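This report refers to the structure that appears directly beneath it.
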Amino acid sequence: MGRRGSASSSSSLESSNYPALSSRSSLYQHNRDLSTDLRLGLSIATSSQGNPSTPSESDWPPIKPFLKETLAAEENECNSATFFVKVYMEGIPIGRKLDLLAHDGYHNLIRTLDHMFNTTIIWAEMDGEHSEQYHVLTYEDKEGDWLMVGDVPWEMFLSSVRRLKITRADI
Amino acid sequence: MLRMASSFPEEVLEHVFSFIYDDKDRNAISMVCKSWYEIERWCRRRIFVGNCYAVSPPMVIRRFPEVRSVELKGKPHFADFNLVPEGWGGYVYPWIAAMATAYPWLEEIRLKRMVVTDEALELIAKSFKNFKVLVLSSCEGFSTDGLAAIAANCRNLKELDLRESEVDDLSGHWLSHFPDSYTSLVSLNISCLGSEVSFSALERLVGRCPNLRTLRLNRAVPLDRLANILCRAPQLVELGTGTYSAELQPDVFSSLAGAFSGCKELRSLSGFWDAVPGYLPAIYPICPSLTSLNLSYATIRSTDLTKLVSQCQSLQRLWVLDYIEDIGLEALAAFCKDLRELRVFPSEPFAQEPNVSLTEQGLVSVSEGCPKLHSVLYFCRQMTNDALATIARNRPNMTRFRLCIIEPRAPDYITLQPLDDGFGAIVEHCKDLQRLSMAGLLTDRVFEHIGNHAKKLEMLSVAFAGDSDLGLHHVLSGCENLRKLEIRDCPFGDKALLVNAAKLETMRSLWMSSCSVSFGACKLLGQKIPRLNVEVMDERGPPGSRPESCPVEKLYIYRTVAGPRFDMPGFVWTMDEDSALRLS
């Protein structure tokens, strides 16, 4: 049985090396004997492919064209009628995006944030009993300063806010 | 015993066979003996051709002369993701032309990923007098003119379903071509159409078809017209809304809510483009009886999504964007105990950073809370082996599991290990797994697990995985029931393919793109295996103009009894005996 066991790096494409190809009958091979596999030149060593390619946006991730188009359209629409800012909660690395223009004022905003982060947020106009666990909402303005949310009129807040942060209020 | 069987008159056997619908059973019957083969072929009414190039129209017609229903599939699955260039093939016209003469009583045509022209639609419209069902799933190549021909001529049409097809939308007037005397519509799906259809024609059509059960509208149907349509069809079982956005107006809301309440049979909802939370409560009254909810186009956030799904206690199928977040999936797990299928799509598929808090935890929660969950498609940005193992242990009844991690080759984000063991757990525990799509950093080991355990696996999708040919070898040699294998961007080359060449004839098809299969190996396969079509796709030019060892861009191999096809575009070469000789 001549040429089997030749060096794996240069296995020639002779059909005699591949029993499945050397006859015209199509017998399904159940042979999974690893030693045979090795004799046939299969290598377990990794064959480096060079730098793995990064896929292009046209075919990755695998979502269908209709969904892609709908989402792209959403994003374009968003830019005109929305104002998204990131909201970070202390202790959670992933920031959430929030559309400030979807709210008509601080009350609405706080209600959404309470829900989103499952907590009670203290801000300027809150009164009454505070529970042990509450959070404070601050925002970063254009100058990079961090301020308490609720001190200025809503419209003024919208024009200067860049990001929001929710931190535990340790007394 | 043999004598008893042959003493049954043909009519008796035929009558018995008429209760057998499943293709596999029919095929089994036809192999019992020659006379059963003959009787069966004359009374087979439905055929399914999973790959339109596996057989030719004349061959089908010769064997089955009395067919009433045909289902054909064309392009490979990866065509959905732009991996198959324009012009590849999958033309239905030759089939329609052949069937126009052979099957004048044809009633149903179902096509998937095929090129359908207006000529083909016109031929359908005038050739089949009793035509009832046309389903065009992910098809392309036709315009609303072709639809007008169908509407005008098919008097007995019951079903017109254009799901996800690309239609050249010339005008909305095609709908008006249904004559006033036409009342037999049962199912209409025009959700893929871009432009407006005539609303008055739509309302009149809906109003005069008392058996209408399924209506999937397109985005162009505004929300304030929906109530009118619903009031004319309170018997609807499945509805796809148009755009679900409008200024919040109490009278619009109340008529909508009233219309929905009147639809006591409504079980499935979809559409919801541009959904505005303020109008969601209009569907609350019917939520408890919904079994299927498709919110893939609804960009509403987790608070509203959670509130919505929490009311759908009968839900069996949910398709939703990742805006639902882990918290919404926890609610799903808590309230929707009958859930069978979950699909979560990415709202920002191209963003580097996560925009929502949807992680592996959401899927784990659903796997814990929903005992009937067996079909999953989940896009996320992080995964762990532990989570996958937990899901596998929770849901050994899983039959379809497709995971996509947005970042290719992403490891277990906690241990930084490959996800081999996680997917290994999936195939070990889920013994009835039929379909698997993997994600993340994967070595040859995961393929070893698959080859060892995934004995019922029929379809496998692999991307950016594996180290060597051994990976592919494990799958091809171990997965006894494998029918469809699609691979992209994996370091698989010639050896595993050539060693397992015989396996390829037992499968419907193999797709490999951006792998390392050489032109020489493709030629060898094409020459040596008689009933395989080995097609090389390369947009760089003829493969013969490069060295034989040069890897091909894309490779599509499928079994066929029809020989090589001749409708290929310039960038596809077939590797059969004759053409291989011509190429080299």
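Letters A, B, ... go to the chains of the structure tokens in the order shown; residues in each chain start at 1; ligands are counted from 1 in the same order.
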
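For segment 46-106 of chain B, a DSSP pass over the backbone yields strand (DSSP E) at Arg46, Ile47, Phe48, Val49, Ser69, Val70, Glu71, Leu72 and Lys73 of chain B.
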
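Among the candidate residues A:Val85, A:Asn118, A:Ala102, A:Thr54, the one lying nearest to Val276 of chain B is A:Ala102, with distances computed using only C-alpha atoms.
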
Check every residue of chain B for an atom within 6 Å of chain A, counting only C-alpha atoms, and provide those that qualify as a VMD selection string. chain B and resid 80 to 82 467 to 468 499 501 to 503 528

Tell me which protein, DNA and RNA residues are within 6 Å of Asp274 of chain B, counting only C-alpha atoms, leaving out same-chain ones fewer than 2 positions away, and put them as a ChimeraX atom specification. /B:244-245,298

Neighbouring residues of Leu164 of chain A were defined as those with any atom within 7 Å, considering only C-alpha atoms; residues of the same chain fewer than 6 positions away were excluded. Please report them as a VMD selection string. chain A and resid 86 to 88 138 to 140

Those of segment 223-433 of chain B in DSSP helix (DSSP H, G or I), formatted as number ranges by chain: B: 223-232, 250-262, 277-289, 302-309, 322-335, 360-369, 385-394, 420-429

Would you work out the distance separating atom CA of Gln235 of chain B from atom CA of Thr214 of chain B, expressed in Å to one decimal? 9.4 Å

Using only C-alpha atoms, which of A:Glu69, A:Asp99, A:Gly105, A:Phe117 sits nearest Arg162 of chain A? A:Asp99

Which polymer residues have any atom within 6 Å of an atom of segment 305-310 of chain B, counting only C-alpha atoms, with same-chain residues fewer than 5 positions away left out, as number ranges by chain? B: 324, 328, 335

Take the selection from the previous step and output its residues with N, CA and C atoms, as a short mmCIF file (atom, residue, chain, number, x, y, z; two decimals), in the first residue's frame.
data_model
loop_
_atom_site.label_atom_id
_atom_site.label_comp_id
_atom_site.auth_asym_id
_atom_site.auth_seq_id
_atom_site.Cartn_x
_atom_site.Cartn_y
_atom_site.Cartn_z
N ILE B 324 -35.19 43.84 25.35
CA ILE B 324 -35.91 43.18 26.44
C ILE B 324 -35.02 43.00 27.66
N GLY B 328 -36.22 41.59 31.41
CA GLY B 328 -37.43 41.19 30.68
C GLY B 328 -37.49 39.69 30.48
N PHE B 335 -43.54 34.26 33.84
CA PHE B 335 -44.96 34.32 33.47
C PHE B 335 -45.34 33.42 32.29
#

So which one's closest to Pro371 of chain B, B:Arg400, B:Arg301, B:Arg395, B:Arg531? Using only C-alpha atoms, please.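 When distances to Pro371 of chain B are compared using only C-alpha atoms, the smallest one comes from B:Arg395.
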